[in-house]
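A.B. asks: Sending over a structure as structure tokens; questions will come in a sec.
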Amino acid sequence: MFKNLKEKAFIETQFPVSKISKESYKERKSNTSQTLTGLGKWWGRKPLILVRATLLGLLMPASDDAVKDREIFLKILTMDEEGLWNRKSKPIPMTVIQETLNKKELEKYFGDDAQSLTNEDKQHIQKLVFNRLSYDDKLVYCDRPEQYELIDPVVWAQINEHLDTNANNLQELIEQLGIKRFGHRPKVGDAFAGGGSIPFESARIGADVYASDLNPVATLLNWASLNIAGASDEEVEKLKAFQERVYNLVDKQITEWGIEHNESGHRADSYLYCNETICPECGYRVPLAQSWVIGKKSKTVALLKDNGVDGYDIEVVSDATKVQFTEADKMITIGKAEVCCPHCNKKTPISSVRGNKKGLDGKTIYGMRKWDKDEFIPRVDDVFQERLYAIRYVSDKGRYYSAPSKSDLDREAKVVEFLGERFVEWQEKGFIPSTKMEEGIESSKPTRMNGWQYWHQLFNPRQLLVTGLFSKLVNELAESQKEMVIGLLGVNKMTNFLSKMCMWTNAGEVENSQSIFVNQALNTLYNFGVRSVTNIENVWFIKIQNSLISKSNVVNVTDARKIDTTCDYWITDPPYADAVHYHELTEFFLAWDKALIEKAFPEWYTDSKRVLAVKGTGDDFNKSMIDVYRNLANHMPDNGYQVVMFTHQDVKIWSELSMILWSAGLRVVSAWNVATETESGGLKQGAYV
């Protein structure tokens, strides 16, 4: 989209969507090795290669030779044949080689009369086979474009000749193309900066950037992407040392408290809890789970044993037999909507157990007792109790599971005691949450389902004690803004893996508790896993994949309707008409972040501003979006552009987007459909930009 421009940009006339889609897919498949995902949780980051291609497409002028334009565009992105070969970092296996070479070539290189292959021969065979592969198959053996720096002077000479530039690298090219178009290095803005892909990649390849978001969590991630992922190697080493210092002090304190080690000196790395409720039919206490299989690979199960009085003992069995596995898997005590009592074999609707009723207006009146602010464990008469039923310890001989002993339960009591001694002070100082959950589609679920009204009640005592200790030490030890931010990111990542909403994974290679946000929701659980300090180590240590960013960048927490900064390009990824309730989900993190954000960024606010969030559907959503894009249109030059990256499966939303942009004073000049997610990814279905 643009206001007025004499010379068309490359992206207006063509865009290699197939190759960009394939590169985006490869980036998404790389999971934890993606550059920004290690900084923290965000929903729907756009692929960096898509951002890189978009900005280059905006800056490159379209000439009369469309074929040459495309050739040069792909060269710059290392997506041409030569670029792909240079990005090749993995050898093609022999099975693929033998399937690809013809009979004559196989005899020549691998027949009885073949001589020993030299390194030159091996390289020749690799290239011969590589050139015959499809683009998709080639990518299997290649680094991503962002992981490879184009430095070949011959290639740069070809690029410079076509574009009338004098660049030796991508950063120089971006600056020179910006000067040609605007008279200065280009400035890229993103008013819905989210997880930071657009500002980060724009800055990394040489543009000045302006990043803003209404949400402080998003703004924090953007600041981190530009100033931590964009830091020097020396700065990153200092930040790693700070993380190490905090972790070691936490580890030392937990060890001194003696709450993770048993009498043999073995240390726990996981705790498994379940909810327990009283069957209204027979009065038995029923531990709740949809399966009592603890680990399929480790062959570990939990078996319910009727105590003959009022409930069940839970036996943890290692090297379980097939019969025991079947028993554990079929002992379903909680279904989708009912409690299944194995004692009386009666089923009771879970809504009835919770005490839900229908009001005179037909609406549900939820019956769960609402927890008070000072509570962090259930009362003895609450509908749901929380029961520790298994612990995984680590010894010199490996890991093993056991049911909790009396000493284990004593350690549980000690955790509650330690937390109780610190609870009020830690809440006052912001080391653990104290805020109440506001009403919302997602944020009301824990109250309806479990009676939890305050954010800290989504965590059990052990999780509050450990995470609070990390938060306390970051607050006390951080001496610089970057140390505060790396500490904030660490605390946020920990809370994502340390909550009563973390499901235990019992299948596959890994038996561990998952992230809360396996989807875009706050889902309460009937059984959950809790990680120990040693098990949270890989989460606490932020994986920083840094590339030095030296260009100007500004990060603000602000309403997009109030931005007063002018940018040459606005590239935005706006809200998805309630596909994700960012304002509610991020309050989960903000509940922990308030004290440190105020310390690191005293000029920022620390709430989600959910009243101002662009959300909903229909007229309200459309009006908010029109106001945003009209404001951005008023803060760009006449020869500037806007690019909107929009993902939604509803055709109506797409048509409304067109009207929004038209009403904002913009004109759509081109649209490209780029696949950006893996098969199981996407914000729902139809994951196309």
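Labels used: A, B, ... for chains in the order of the structure tokens, numbers from 1 for residues in each chain, and numbers from 1 for ligands as shown.
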What are the closest atom pairs, with distances in Å to one decimal, for all residues of range 336-439 of chain A lying within 9 Å of range 291-304 of chain A? Consider only C-alpha atoms, order rows by chain and residue number, and present the result as a tab-separated table.

C.D. replies:
residue	atom	partner	partner_atom	distance
A:Tyr389	CA	A:Ala302	CA	8.2
A:Ala390	CA	A:Ala302	CA	8.0
A:Tyr400	CA	A:Ser298	CA	8.7
A:Tyr401	CA	A:Thr300	CA	7.5
A:Ala403	CA	A:Ala302	CA	8.5

A.B. asks: Store the residues picked out above in a file with N, CA, C and O atoms, as a compact mmCIF listing (two decimals), in the first residue's frame.

C.D. replies:
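The resulting file, part.txt, is shown below:
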# COMPACT_ATOMS: atom_id res chain seq x y z
N TYR A 389 1.59 -37.08 44.13
CA TYR A 389 1.49 -38.54 44.05
C TYR A 389 2.71 -39.23 43.48
O TYR A 389 2.84 -40.46 43.56
N ALA A 390 3.65 -38.48 42.92
CA ALA A 390 4.88 -39.11 42.40
C ALA A 390 5.99 -38.08 42.35
O ALA A 390 5.76 -36.89 42.15
N TYR A 400 14.70 -42.17 38.65
CA TYR A 400 13.70 -43.15 39.08
C TYR A 400 12.53 -42.41 39.71
O TYR A 400 12.66 -41.32 40.25
N TYR A 401 11.35 -43.02 39.59
CA TYR A 401 10.14 -42.46 40.17
C TYR A 401 9.81 -43.17 41.47
O TYR A 401 10.10 -44.36 41.64
N ALA A 403 6.63 -43.06 44.83
CA ALA A 403 5.53 -42.39 45.52
C ALA A 403 6.12 -41.60 46.67
O ALA A 403 7.16 -41.96 47.22

A.B. asks: Name the residues of range 359-505 of chain A that fall into helix (DSSP H, G or I) according to DSSP on the backbone, using the chain letters and numbers of this document, as an NGL selection string.

C.D. replies: :A and (406-429 or 445-450 or 455-458 or 461-477 or 481-497)

A.B. asks: Write down as a list in words the residues of range 322-403 of chain A whose backbone DSSP state falls under strand (DSSP E or B).

C.D. replies: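 Here are the strand (DSSP E or B) residues of range 322-403 of chain A: Ile334, Glu338, Val339, Cys340, Lys347, Thr348, Pro349, Lys357, Lys358, Thr364, Ile365, Gln385, Glu386, Arg387, Leu388, Tyr389, Ala390, Ile391, Arg392, Tyr393, Val394, Ser395, Gly398, Arg399, Tyr400, Tyr401 and Ser402 of chain A.
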
A.B. asks: For the selection you just gave me, I'd like the residues written to a file as an mmCIF file, in the first residue's frame, keeping C-alpha atoms.

C.D. replies:
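The result, stored in again_16.cif:
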data_model
loop_
_atom_site.group_PDB
_atom_site.id
_atom_site.type_symbol
_atom_site.label_atom_id
_atom_site.label_comp_id
_atom_site.auth_asym_id
_atom_site.auth_seq_id
_atom_site.Cartn_x
_atom_site.Cartn_y
_atom_site.Cartn_z
ATOM 1 C CA ILE A 334 -12.053 -37.668 35.317
ATOM 2 C CA GLU A 338 -17.690 -36.009 34.765
ATOM 3 C CA VAL A 339 -15.968 -37.490 37.799
ATOM 4 C CA CYS A 340 -15.731 -41.284 37.547
ATOM 5 C CA LYS A 347 -20.326 -40.865 37.396
ATOM 6 C CA THR A 348 -21.071 -37.312 38.485
ATOM 7 C CA PRO A 349 -21.094 -34.287 36.170
ATOM 8 C CA LYS A 357 -26.367 -23.891 38.781
ATOM 9 C CA LYS A 358 -28.594 -22.259 36.193
ATOM 10 C CA THR A 364 -24.658 -20.410 34.638
ATOM 11 C CA ILE A 365 -23.960 -19.434 38.233
ATOM 12 C CA GLN A 385 -7.470 -30.633 46.996
ATOM 13 C CA GLU A 386 -3.959 -30.836 45.515
ATOM 14 C CA ARG A 387 -2.116 -34.099 46.091
ATOM 15 C CA LEU A 388 1.501 -34.985 45.391
ATOM 16 C CA TYR A 389 1.486 -38.541 44.051
ATOM 17 C CA ALA A 390 4.880 -39.108 42.404
ATOM 18 C CA ILE A 391 8.413 -37.713 42.460
ATOM 19 C CA ARG A 392 11.215 -38.326 40.003
ATOM 20 C CA TYR A 393 14.628 -38.389 41.645
ATOM 21 C CA VAL A 394 18.062 -38.409 40.037
ATOM 22 C CA SER A 395 20.814 -40.629 41.423
ATOM 23 C CA GLY A 398 19.959 -42.464 36.674
ATOM 24 C CA ARG A 399 16.398 -41.301 37.184
ATOM 25 C CA TYR A 400 13.704 -43.151 39.081
ATOM 26 C CA TYR A 401 10.143 -42.455 40.165
ATOM 27 C CA SER A 402 8.697 -43.071 43.599
#

A.B. asks: Can you pull out the residues contacting range 200-206 of chain A? Cut-off 10 Å, using only C-alpha atoms, and skip same-chain residues under 3 positions away; I want them as a PyMOL selection string.

C.D. replies: chain A and resi 35-36+47-52+54-56+146+169-176+178+185-189+193+195-197+209-211+222-227+229-230+546-553+571

A.B. asks: What is the CA of Val474 in chain A to CA of Lys493 in chain A distance in Å?

C.D. replies: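 Between CA of Val474 in chain A and CA of Lys493 in chain A the gap works out to 14.0 Å.
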
A.B. asks: May I have a table of the residues of range 488-552 of chain A lying at most 6 Å from range 271-286 of chain A, giving each one's closest pair of atoms and their distance in Å to one decimal, counting only C-alpha atoms, ordered by chain and ascending residue number, as CSV?

C.D. replies:
residue,atom,partner,partner_atom,distance
A:Tyr526,CA,A:Asn275,CA,5.1
A:Asn527,CA,A:Cys274,CA,3.9
A:Phe528,CA,A:Tyr273,CA,5.5
A:Gly529,CA,A:Leu272,CA,4.7
A:Val530,CA,A:Tyr271,CA,5.0

A.B. asks: Could you pull the residues within 8 Å of range 651-661 of chain A, counting only C-alpha atoms, minus those fewer than 6 positions along the same chain, as a PyMOL selection string?

C.D. replies: chain A and resi 577+622-623+625-626+629+667-668

A.B. asks: Between A:Ser270, A:Gln243, A:Asn673, A:Thr558, which has the minimum distance to Lys609 in chain A (counting only C-alpha atoms)?

C.D. replies: A:Thr558

A.B. asks: Just checking: using only C-alpha atoms, which residue out of A:Ala268, A:Val415, A:Leu150, A:Leu488 ends up closest to Ala600 in chain A?

C.D. replies: A:Leu488

A.B. asks: Between CA of Ala478 in chain A and CA of Ala218 in chain A, what is the distance in Å, rounded to a tenth?

C.D. replies: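 Separating CA of Ala478 in chain A from CA of Ala218 in chain A is a distance of 21.4 Å.
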